>>> print(open('model_38.txt').read())   # compact mmCIF, C-alpha atoms
# COMPACT_ATOMS: atom_id res chain seq x y z
CA MET A 1459 94.04 42.02 -29.78
CA ARG A 1460 95.33 38.51 -30.24
CA THR A 1461 98.31 37.39 -28.17
CA THR A 1462 100.71 35.02 -29.92
CA LEU A 1463 103.79 33.33 -28.49
CA TYR A 1464 106.43 31.99 -30.85
CA GLY A 1465 108.68 29.44 -29.24
CA SER A 1466 110.07 25.93 -29.31
CA VAL A 1467 109.97 23.07 -26.82
CA SER A 1468 112.72 23.13 -24.15
CA THR A 1469 113.85 26.66 -24.98
CA ALA A 1470 113.52 29.97 -23.13
CA SER A 1471 109.99 30.32 -24.47
CA LEU A 1472 108.89 27.88 -21.75
CA VAL A 1473 108.93 30.57 -19.05
CA VAL A 1474 106.78 32.88 -21.16
CA HIS A 1475 104.31 30.12 -21.95
CA TRP A 1476 104.16 29.16 -18.27
CA LEU A 1477 103.42 32.75 -17.26
CA LEU A 1478 100.72 33.13 -19.90
CA VAL A 1479 99.02 30.04 -18.46
CA GLU A 1480 99.59 31.15 -14.86
CA LEU A 1481 98.09 34.58 -15.54
CA GLY A 1482 95.16 33.24 -17.55
CA ILE A 1483 96.09 35.19 -20.68
CA GLU A 1484 94.41 33.74 -23.75
CA HIS A 1485 96.99 33.18 -26.44
CA GLU A 1486 98.02 31.21 -29.48
CA LEU A 1487 101.16 29.09 -29.15
CA VAL A 1488 103.25 28.69 -32.30
CA LEU A 1489 106.02 26.11 -31.81
CA LEU A 1490 108.74 26.54 -34.42
CA ASP A 1491 110.57 23.54 -35.83
CA PHE A 1492 114.26 24.13 -35.19
CA ASP A 1493 115.22 21.05 -37.23
CA THR A 1494 113.83 22.70 -40.37
CA ARG A 1495 115.13 26.09 -39.18
CA GLU A 1496 111.74 27.78 -39.10
CA HIS A 1497 113.27 30.27 -36.69
CA LYS A 1498 115.65 31.40 -39.45
CA ALA A 1499 113.03 31.63 -42.20
CA ALA A 1500 111.97 34.99 -43.61
CA PRO A 1501 108.46 35.12 -42.06
CA TYR A 1502 109.84 34.70 -38.55
CA LEU A 1503 112.84 36.95 -39.11
CA ALA A 1504 110.40 39.70 -40.03
CA LEU A 1505 109.16 39.48 -36.43
CA ASN A 1506 112.45 38.78 -34.71
CA PRO A 1507 115.52 39.59 -36.85
CA ALA A 1508 117.75 37.73 -34.38
CA GLY A 1509 116.05 34.46 -35.30
CA VAL A 1510 115.73 33.26 -31.71
CA VAL A 1511 112.86 32.49 -29.37
CA PRO A 1512 110.76 33.59 -27.61
CA THR A 1513 108.87 36.27 -29.45
CA LEU A 1514 105.59 37.53 -28.03
CA GLN A 1515 103.02 39.58 -29.92
CA ILE A 1516 100.86 41.34 -27.34
CA ASP A 1517 99.09 44.66 -27.02
CA GLY A 1518 99.94 45.45 -30.63
CA GLN A 1519 103.68 45.19 -30.06
CA VAL A 1520 106.42 42.61 -30.52
CA LEU A 1521 108.52 41.68 -27.50
CA THR A 1522 111.65 39.55 -27.36
CA GLU A 1523 114.06 38.38 -24.61
CA ALA A 1524 112.55 35.94 -22.12
CA ALA A 1525 113.44 37.88 -18.97
CA ALA A 1526 112.06 41.14 -20.37
CA ILE A 1527 108.82 39.48 -21.47
CA ALA A 1528 108.43 37.82 -18.08
CA LEU A 1529 108.83 41.13 -16.27
CA TYR A 1530 106.39 42.82 -18.65
CA LEU A 1531 103.74 40.15 -18.08
CA ALA A 1532 104.14 40.41 -14.31
CA ASP A 1533 103.82 44.21 -14.51
CA ARG A 1534 100.79 43.91 -16.76
CA HIS A 1535 99.01 41.79 -14.14
CA PRO A 1536 99.83 43.30 -10.74
CA GLU A 1537 96.87 41.47 -9.22
CA ALA A 1538 98.84 38.24 -9.50
CA GLY A 1539 101.47 39.57 -7.10
CA LEU A 1540 104.43 38.25 -9.11
CA LEU A 1541 106.46 41.45 -8.68
CA PRO A 1542 106.89 43.69 -5.63
CA ALA A 1543 105.71 47.29 -5.87
CA PRO A 1544 107.82 49.63 -8.02
CA GLY A 1545 110.43 51.59 -6.12
CA THR A 1546 110.58 49.22 -3.15
CA PRO A 1547 113.74 47.41 -2.01
CA ALA A 1548 112.07 44.11 -2.88
CA ARG A 1549 111.53 45.33 -6.43
CA GLY A 1550 115.24 46.07 -6.64
CA GLN A 1551 115.98 42.50 -5.57
CA ALA A 1552 113.62 41.21 -8.25
CA TYR A 1553 115.60 43.08 -10.90
CA ARG A 1554 118.87 41.88 -9.38
CA TRP A 1555 117.99 38.21 -9.57
CA MET A 1556 116.23 38.44 -12.92
CA PHE A 1557 119.32 39.98 -14.47
CA TRP A 1558 121.44 37.37 -12.71
CA CYS A 1559 119.43 34.71 -14.52
CA ALA A 1560 119.87 36.46 -17.85
CA ASN A 1561 123.49 37.60 -17.46
CA THR A 1562 125.05 34.78 -15.42
CA LEU A 1563 123.10 31.60 -16.04
CA GLN A 1564 121.99 31.97 -19.66
CA PRO A 1565 125.46 32.83 -21.09
CA ALA A 1566 126.99 29.91 -19.20
CA TYR A 1567 124.37 27.59 -20.63
CA ARG A 1568 125.07 28.96 -24.09
CA ALA A 1569 128.73 28.10 -23.65
CA TRP A 1570 127.82 24.59 -22.44
CA PHE A 1571 125.39 23.73 -25.22
CA TYR A 1572 127.22 25.56 -28.03
CA PRO A 1573 130.87 25.48 -26.93
CA HIS A 1574 132.22 25.95 -30.45
CA GLU A 1575 130.76 29.48 -30.59
CA ALA A 1576 132.98 30.89 -27.88
CA ALA A 1577 136.45 29.78 -28.95
CA GLY A 1578 136.17 27.42 -31.91
CA GLU A 1579 136.10 23.65 -32.30
CA ALA A 1580 139.62 23.22 -30.90
CA ASN A 1581 138.54 24.58 -27.53
CA VAL A 1582 135.18 22.86 -27.07
CA ALA A 1583 136.25 20.77 -24.07
CA ALA A 1584 137.83 23.69 -22.22
CA THR A 1585 134.82 25.88 -22.90
CA GLN A 1586 132.46 23.29 -21.46
CA VAL A 1587 134.62 22.86 -18.38
CA MET A 1588 134.45 26.58 -17.68
CA ALA A 1589 130.73 26.71 -18.38
CA ARG A 1590 130.08 23.82 -16.02
CA GLN A 1591 132.14 25.46 -13.28
CA ARG A 1592 130.25 28.73 -13.64
CA LEU A 1593 126.87 27.02 -13.52
CA GLU A 1594 127.70 24.81 -10.56
CA ALA A 1595 129.06 27.80 -8.63
CA ALA A 1596 125.89 29.73 -9.46
CA TRP A 1597 123.67 26.91 -8.21
CA GLN A 1598 125.65 26.74 -4.98
CA ARG A 1599 125.13 30.45 -4.53
CA MET A 1600 121.40 30.17 -5.12
CA ALA A 1601 121.13 27.20 -2.76
CA SER A 1602 122.78 29.26 -0.01
CA HIS A 1603 120.48 32.18 -0.73
CA LEU A 1604 117.35 30.04 -0.55
CA GLN A 1605 118.59 28.33 2.60
CA THR A 1606 118.74 31.65 4.43
CA GLN A 1607 116.30 33.90 2.56
CA GLY A 1608 113.74 31.46 1.08
CA PRO A 1609 111.57 29.57 0.52
CA TYR A 1610 111.39 31.64 -2.69
CA VAL A 1611 114.04 33.87 -4.24
CA LEU A 1612 112.41 37.04 -2.90
CA GLY A 1613 111.37 35.50 0.40
CA GLU A 1614 107.98 34.24 1.47
CA ALA A 1615 106.04 34.70 -1.77
CA PRO A 1616 106.70 33.37 -5.29
CA SER A 1617 107.61 35.90 -7.95
CA VAL A 1618 108.35 36.02 -11.64
CA VAL A 1619 111.99 35.37 -10.74
CA ASP A 1620 111.08 31.88 -9.55
CA PHE A 1621 109.43 31.07 -12.87
CA MET A 1622 112.56 32.13 -14.72
CA LEU A 1623 114.88 30.29 -12.37
CA VAL A 1624 113.00 26.99 -12.45
CA MET A 1625 113.03 27.04 -16.24
CA LEU A 1626 116.80 27.47 -16.14
CA MET A 1627 117.16 24.72 -13.56
CA ARG A 1628 115.44 22.39 -15.99
CA TRP A 1629 118.13 23.05 -18.60
CA SER A 1630 120.68 21.38 -16.31
CA ARG A 1631 118.74 18.12 -16.08
CA ASN A 1632 121.16 16.17 -18.33
CA MET A 1633 124.36 17.85 -17.15
CA PRO A 1634 126.88 15.97 -14.98
CA THR A 1635 125.63 17.81 -11.87
CA PRO A 1636 122.02 18.96 -12.31
CA ALA A 1637 120.89 21.98 -10.32
CA ASP A 1638 118.41 19.89 -8.34
CA SER A 1639 121.15 17.57 -7.09
CA LEU A 1640 121.41 20.17 -4.31
CA PRO A 1641 118.68 19.26 -1.78
CA VAL A 1642 117.45 22.80 -1.16
CA LEU A 1643 117.11 23.40 -4.91
CA LYS A 1644 115.33 20.08 -5.39
CA VAL A 1645 112.68 20.98 -2.80
CA TYR A 1646 112.42 24.49 -4.27
CA ALA A 1647 111.89 23.20 -7.81
CA GLN A 1648 109.34 20.62 -6.70
CA ARG A 1649 107.32 23.37 -5.04
CA LEU A 1650 107.15 25.36 -8.29
CA LYS A 1651 106.59 22.32 -10.50
CA ALA A 1652 103.53 21.43 -8.41
CA ARG A 1653 101.75 24.56 -9.57
CA PRO A 1654 98.79 23.74 -11.85
CA SER A 1655 100.09 26.21 -14.44
CA PHE A 1656 103.40 24.34 -14.73
CA ILE A 1657 101.62 21.02 -15.15
CA GLU A 1658 99.31 22.51 -17.80
CA THR A 1659 102.19 24.11 -19.69
CA TYR A 1660 103.96 20.76 -19.79
CA ARG A 1661 100.78 19.15 -21.09
CA ARG A 1662 100.35 21.69 -23.86
CA GLU A 1663 103.96 21.37 -25.00
CA GLY A 1664 104.04 17.58 -24.68
CA ILE A 1665 106.99 17.61 -22.26
CA THR A 1666 107.44 14.49 -20.14
CA ASP A 1667 110.91 14.87 -18.59
CA TRP A 1668 111.96 16.53 -15.33
CA MET A 1669 108.54 16.07 -13.80
>>> encode(input="model_38.txt", output="structure tokens")
Amino acid sequence: MRTTLYGSVSTASLVVHWLLVELGIEHELVLLDFDTREHKAAPYLALNPAGVVPTLQIDGQVLTEAAAIALYLADRHPEAGLLPAPGTPARGQAYRWMFWCANTLQPAYRAWFYPHEAAGEANVAATQVMARQRLEAAWQRMASHLQTQGPYVLGEAPSVVDFMLVMLMRWSRNMPTPADSLPVLKVYAQRLKARPSFIETYRREGITDWM
């Protein structure tokens, strides 16, 4: 069956694309034009009624939510070693940090980039202040974790969590205090960005920033 990823440059679809390349999964990449609102058009809404990316068609099913897709791909290819064995303490830590990415970092980014959604236009500045504080506190926490438990989030070996986290670090690149302004996070991100799959994903999407 054909595997198709629907996404857009610089969105959460990047982590899914990166994993597809890393795992050697043949796929078609469909980049939607957000300026013309392709993600809100009827053909795409038939796949993903929420009108967001990513959406992955694989194994005859439709999957949404970047973190869920990433975990599924890692499970589907255990030979890659991107997730610890089911039922182990390390697997529990993988879930912990993956949900931390989805439940702590992503909502804070949403508030930063779309501050009017949370409390209206009159409260945009205050919303962004709170979002920035949450993100910067989260990056400090991750820096401390990597300093003592690294070099990767789960320890000695890279996992799917690292792919998710580095994508989210990239989103901070134009913020007042980017995630990689912390030395330990800068070294960590550089290690992941040096992977051939990251370089190839950038090439395919035409991305030239945060190299």
>>> residues_around(input="model_38.txt", residues="region 1468-1477 of chain A", least_positions_apart="3", cutoff="7 Å", atoms="all atoms listed in the file", output="count of residues only")
14
>>> atom_distance(input="model_38.txt", atom1="CA of Tyr1502 (chain A)", atom2="CA of Glu1663 (chain A)")
19.9 Å
>>> axis_aligned_box(input="model_38.txt", around="region 1594-1606 of chain A", padding_each_side="3 Å", output="lines of an AutoDock Vina configuration file")
center_x = 123.2
center_y = 28.5
center_z = -3.1
size_x = 17.7
size_y = 13.4
size_z = 21.0
>>> residues_around(input="model_38.txt", residues="Met1627 (chain A)", least_positions_apart="3", cutoff="6 Å", atoms="all atoms listed in the file", output="PDB file with C-alpha atoms, in the coordinates of the input")
ATOM      1  CA  VAL A1624     113.000  26.990 -12.450  1.00  0.00           C
ATOM      2  CA  SER A1630     120.680  21.380 -16.310  1.00  0.00           C
ATOM      3  CA  ALA A1637     120.890  21.980 -10.320  1.00  0.00           C
TER       4      ALA A1637
END
>>> residues_around(input="model_38.txt", residues="Tyr1464 (chain A)", least_positions_apart="4", cutoff="12 Å", atoms="all atoms listed in the file", output="JSON, numbers by chain")
{"A": [1469, 1470, 1471, 1472, 1474, 1475, 1485, 1486, 1487, 1488, 1489, 1490, 1491, 1492, 1496, 1497, 1501, 1502, 1503, 1505, 1506, 1509, 1510, 1511, 1512, 1513, 1514, 1515, 1516, 1520, 1521, 1522, 1523, 1524]}
>>> residues_near_point(input="model_38.txt", point="(123.6, 29.4, -16.7)", cutoff="12 Å", atoms="only C-alpha atoms", output="PDB file with C-alpha atoms, keeping the file's coordinate frame")
ATOM      1  CA  ALA A1470     113.520  29.970 -23.130  1.00  0.00           C
ATOM      2  CA  PHE A1557     119.320  39.980 -14.470  1.00  0.00           C
ATOM      3  CA  TRP A1558     121.440  37.370 -12.710  1.00  0.00           C
ATOM      4  CA  CYS A1559     119.430  34.710 -14.520  1.00  0.00           C
ATOM      5  CA  ALA A1560     119.870  36.460 -17.850  1.00  0.00           C
ATOM      6  CA  ASN A1561     123.490  37.600 -17.460  1.00  0.00           C
ATOM      7  CA  THR A1562     125.050  34.780 -15.420  1.00  0.00           C
ATOM      8  CA  LEU A1563     123.100  31.600 -16.040  1.00  0.00           C
ATOM      9  CA  GLN A1564     121.990  31.970 -19.660  1.00  0.00           C
ATOM     10  CA  PRO A1565     125.460  32.830 -21.090  1.00  0.00           C
ATOM     11  CA  ALA A1566     126.990  29.910 -19.200  1.00  0.00           C
ATOM     12  CA  TYR A1567     124.370  27.590 -20.630  1.00  0.00           C
ATOM     13  CA  ARG A1568     125.070  28.960 -24.090  1.00  0.00           C
ATOM     14  CA  ALA A1569     128.730  28.100 -23.650  1.00  0.00           C
ATOM     15  CA  TRP A1570     127.820  24.590 -22.440  1.00  0.00           C
ATOM     16  CA  PHE A1571     125.390  23.730 -25.220  1.00  0.00           C
ATOM     17  CA  GLN A1586     132.460  23.290 -21.460  1.00  0.00           C
ATOM     18  CA  MET A1588     134.450  26.580 -17.680  1.00  0.00           C
ATOM     19  CA  ALA A1589     130.730  26.710 -18.380  1.00  0.00           C
ATOM     20  CA  ARG A1590     130.080  23.820 -16.020  1.00  0.00           C
ATOM     21  CA  GLN A1591     132.140  25.460 -13.280  1.00  0.00           C
ATOM     22  CA  ARG A1592     130.250  28.730 -13.640  1.00  0.00           C
ATOM     23  CA  LEU A1593     126.870  27.020 -13.520  1.00  0.00           C
ATOM     24  CA  GLU A1594     127.700  24.810 -10.560  1.00  0.00           C
ATOM     25  CA  ALA A1595     129.060  27.800  -8.630  1.00  0.00           C
ATOM     26  CA  ALA A1596     125.890  29.730  -9.460  1.00  0.00           C
ATOM     27  CA  TRP A1597     123.670  26.910  -8.210  1.00  0.00           C
ATOM     28  CA  MET A1600     121.400  30.170  -5.120  1.00  0.00           C
ATOM     29  CA  MET A1622     112.560  32.130 -14.720  1.00  0.00           C
ATOM     30  CA  LEU A1623     114.880  30.290 -12.370  1.00  0.00           C
ATOM     31  CA  VAL A1624     113.000  26.990 -12.450  1.00  0.00           C
ATOM     32  CA  MET A1625     113.030  27.040 -16.240  1.00  0.00           C
ATOM     33  CA  LEU A1626     116.800  27.470 -16.140  1.00  0.00           C
ATOM     34  CA  MET A1627     117.160  24.720 -13.560  1.00  0.00           C
ATOM     35  CA  ARG A1628     115.440  22.390 -15.990  1.00  0.00           C
ATOM     36  CA  TRP A1629     118.130  23.050 -18.600  1.00  0.00           C
ATOM     37  CA  SER A1630     120.680  21.380 -16.310  1.00  0.00           C
ATOM     38  CA  MET A1633     124.360  17.850 -17.150  1.00  0.00           C
ATOM     39  CA  PRO A1636     122.020  18.960 -12.310  1.00  0.00           C
ATOM     40  CA  ALA A1637     120.890  21.980 -10.320  1.00  0.00           C
TER      41      ALA A1637
END
>>> closest_residue(input="model_38.txt", among="A:Arg1534, A:Tyr1610, A:Thr1494, A:Ile1665", to="Gln1648 (chain A)", atoms="only C-alpha atoms")
A:Tyr1610
>>> atom_distance(input="model_38.txt", atom1="CA of Leu1478 (chain A)", atom2="CA of Asn1632 (chain A)")
26.6 Å
>>> residues_around(input="model_38.txt", residues="Leu1604 (chain A)", least_positions_apart="4", cutoff="9 Å", atoms="all atoms listed in the file", output="list in words")
Arg1599, Met1600, Gly1608, Pro1609, Tyr1610, Val1611, Leu1612, Gly1613, Val1642, Leu1643 and Tyr1646 of chain A
>>> atom_distance(input="model_38.txt", atom1="CA of Val1587 (chain A)", atom2="CA of Lys1644 (chain A)")
23.4 Å
>>> closest_residue(input="model_38.txt", among="A:Pro1573, A:Pro1507, A:Pro1634, A:Pro1616", to="Ala1647 (chain A)", atoms="all atoms listed in the file")
A:Pro1616
>>> decode(input="model_38.txt", residues="region 1559-1573 of chain A", atoms="all heavy atoms", output="short mmCIF file (atom, residue, chain, number, x, y, z; two decimals), in the first residue's frame")
data_model
loop_
_atom_site.label_atom_id
_atom_site.label_comp_id
_atom_site.auth_asym_id
_atom_site.auth_seq_id
_atom_site.Cartn_x
_atom_site.Cartn_y
_atom_site.Cartn_z
N CYS A 1559 6.21 16.72 25.42
CA CYS A 1559 6.33 17.51 24.18
C CYS A 1559 4.96 17.95 23.68
O CYS A 1559 4.76 19.11 23.30
CB CYS A 1559 7.03 16.68 23.10
SG CYS A 1559 8.80 16.44 23.33
N ALA A 1560 4.01 17.01 23.68
CA ALA A 1560 2.70 17.29 23.11
C ALA A 1560 1.82 18.14 24.03
O ALA A 1560 1.03 18.96 23.55
CB ALA A 1560 1.98 15.98 22.79
N ASN A 1561 1.96 17.96 25.35
CA ASN A 1561 1.05 18.62 26.30
C ASN A 1561 1.62 19.86 26.96
O ASN A 1561 0.86 20.69 27.47
CB ASN A 1561 0.63 17.63 27.39
CG ASN A 1561 -0.24 16.52 26.86
OD1 ASN A 1561 -0.84 16.63 25.81
ND2 ASN A 1561 -0.29 15.42 27.58
N THR A 1562 2.94 20.00 26.96
CA THR A 1562 3.57 21.18 27.56
C THR A 1562 4.11 22.12 26.49
O THR A 1562 3.77 23.31 26.47
CB THR A 1562 4.71 20.76 28.51
OG1 THR A 1562 4.17 20.00 29.60
CG2 THR A 1562 5.43 21.98 29.07
N LEU A 1563 4.94 21.61 25.60
CA LEU A 1563 5.57 22.48 24.61
C LEU A 1563 4.62 22.94 23.53
O LEU A 1563 4.54 24.14 23.22
CB LEU A 1563 6.77 21.76 23.98
CG LEU A 1563 7.93 21.43 24.92
CD1 LEU A 1563 9.03 20.70 24.15
CD2 LEU A 1563 8.50 22.69 25.56
N GLN A 1564 3.89 22.02 22.91
CA GLN A 1564 3.05 22.40 21.77
C GLN A 1564 1.95 23.40 22.14
O GLN A 1564 1.75 24.38 21.41
CB GLN A 1564 2.47 21.16 21.09
CG GLN A 1564 3.54 20.41 20.27
CD GLN A 1564 2.94 19.34 19.37
OE1 GLN A 1564 2.79 18.20 19.79
NE2 GLN A 1564 2.62 19.71 18.16
N PRO A 1565 1.24 23.25 23.27
CA PRO A 1565 0.25 24.27 23.62
C PRO A 1565 0.88 25.64 23.88
O PRO A 1565 0.28 26.68 23.55
CB PRO A 1565 -0.41 23.71 24.87
CG PRO A 1565 -0.20 22.24 24.79
CD PRO A 1565 1.14 22.08 24.17
N ALA A 1566 2.07 25.65 24.49
CA ALA A 1566 2.73 26.93 24.74
C ALA A 1566 3.12 27.61 23.43
O ALA A 1566 2.98 28.83 23.27
CB ALA A 1566 3.95 26.73 25.62
N TYR A 1567 3.58 26.82 22.48
CA TYR A 1567 3.88 27.37 21.16
C TYR A 1567 2.62 27.91 20.49
O TYR A 1567 2.64 28.95 19.84
CB TYR A 1567 4.51 26.31 20.26
CG TYR A 1567 6.00 26.20 20.37
CD1 TYR A 1567 6.60 24.99 20.70
CD2 TYR A 1567 6.84 27.29 20.11
CE1 TYR A 1567 7.99 24.86 20.77
CE2 TYR A 1567 8.21 27.17 20.19
CZ TYR A 1567 8.78 25.96 20.52
OH TYR A 1567 10.15 25.85 20.60
N ARG A 1568 1.53 27.19 20.65
CA ARG A 1568 0.27 27.64 20.05
C ARG A 1568 -0.11 29.01 20.60
O ARG A 1568 -0.53 29.90 19.86
CB ARG A 1568 -0.84 26.63 20.35
CG ARG A 1568 -2.16 26.93 19.65
CD ARG A 1568 -2.12 26.50 18.21
NE ARG A 1568 -3.23 27.04 17.44
CZ ARG A 1568 -3.43 26.77 16.16
NH1 ARG A 1568 -2.60 25.98 15.49
NH2 ARG A 1568 -4.45 27.31 15.51
N ALA A 1569 0.07 29.17 21.90
CA ALA A 1569 -0.25 30.45 22.53
C ALA A 1569 0.70 31.56 22.06
O ALA A 1569 0.30 32.71 21.93
CB ALA A 1569 -0.18 30.32 24.04
N TRP A 1570 1.96 31.19 21.78
CA TRP A 1570 2.92 32.19 21.31
C TRP A 1570 2.62 32.63 19.88
O TRP A 1570 2.60 33.83 19.58
CB TRP A 1570 4.34 31.63 21.39
CG TRP A 1570 5.37 32.52 20.75
CD1 TRP A 1570 5.88 32.41 19.47
CD2 TRP A 1570 5.99 33.68 21.30
NE1 TRP A 1570 6.78 33.41 19.22
CE2 TRP A 1570 6.87 34.21 20.32
CE3 TRP A 1570 5.89 34.32 22.53
CZ2 TRP A 1570 7.65 35.35 20.55
CZ3 TRP A 1570 6.66 35.46 22.76
CH2 TRP A 1570 7.52 35.96 21.76
N PHE A 1571 2.38 31.69 19.01
CA PHE A 1571 2.19 32.00 17.60
C PHE A 1571 0.77 32.49 17.27
O PHE A 1571 0.58 33.24 16.31
CB PHE A 1571 2.52 30.78 16.73
CG PHE A 1571 3.99 30.48 16.66
CD1 PHE A 1571 4.48 29.27 17.16
CD2 PHE A 1571 4.88 31.38 16.12
CE1 PHE A 1571 5.85 28.99 17.10
CE2 PHE A 1571 6.24 31.10 16.05
CZ PHE A 1571 6.73 29.90 16.55
N TYR A 1572 -0.20 32.07 18.07
CA TYR A 1572 -1.59 32.47 17.84
C TYR A 1572 -2.19 33.01 19.13
O TYR A 1572 -3.18 32.46 19.64
CB TYR A 1572 -2.41 31.29 17.31
CG TYR A 1572 -1.83 30.65 16.06
CD1 TYR A 1572 -1.03 29.51 16.15
CD2 TYR A 1572 -2.06 31.21 14.80
CE1 TYR A 1572 -0.49 28.92 15.01
CE2 TYR A 1572 -1.52 30.63 13.66
CZ TYR A 1572 -0.73 29.50 13.78
OH TYR A 1572 -0.20 28.93 12.64
N PRO A 1573 -1.63 34.06 19.68
CA PRO A 1573 -2.04 34.53 21.01
C PRO A 1573 -3.48 35.01 21.09
O PRO A 1573 -4.08 35.00 22.17
CB PRO A 1573 -1.06 35.67 21.31
CG PRO A 1573 -0.62 36.15 19.96
CD PRO A 1573 -0.57 34.91 19.11
#
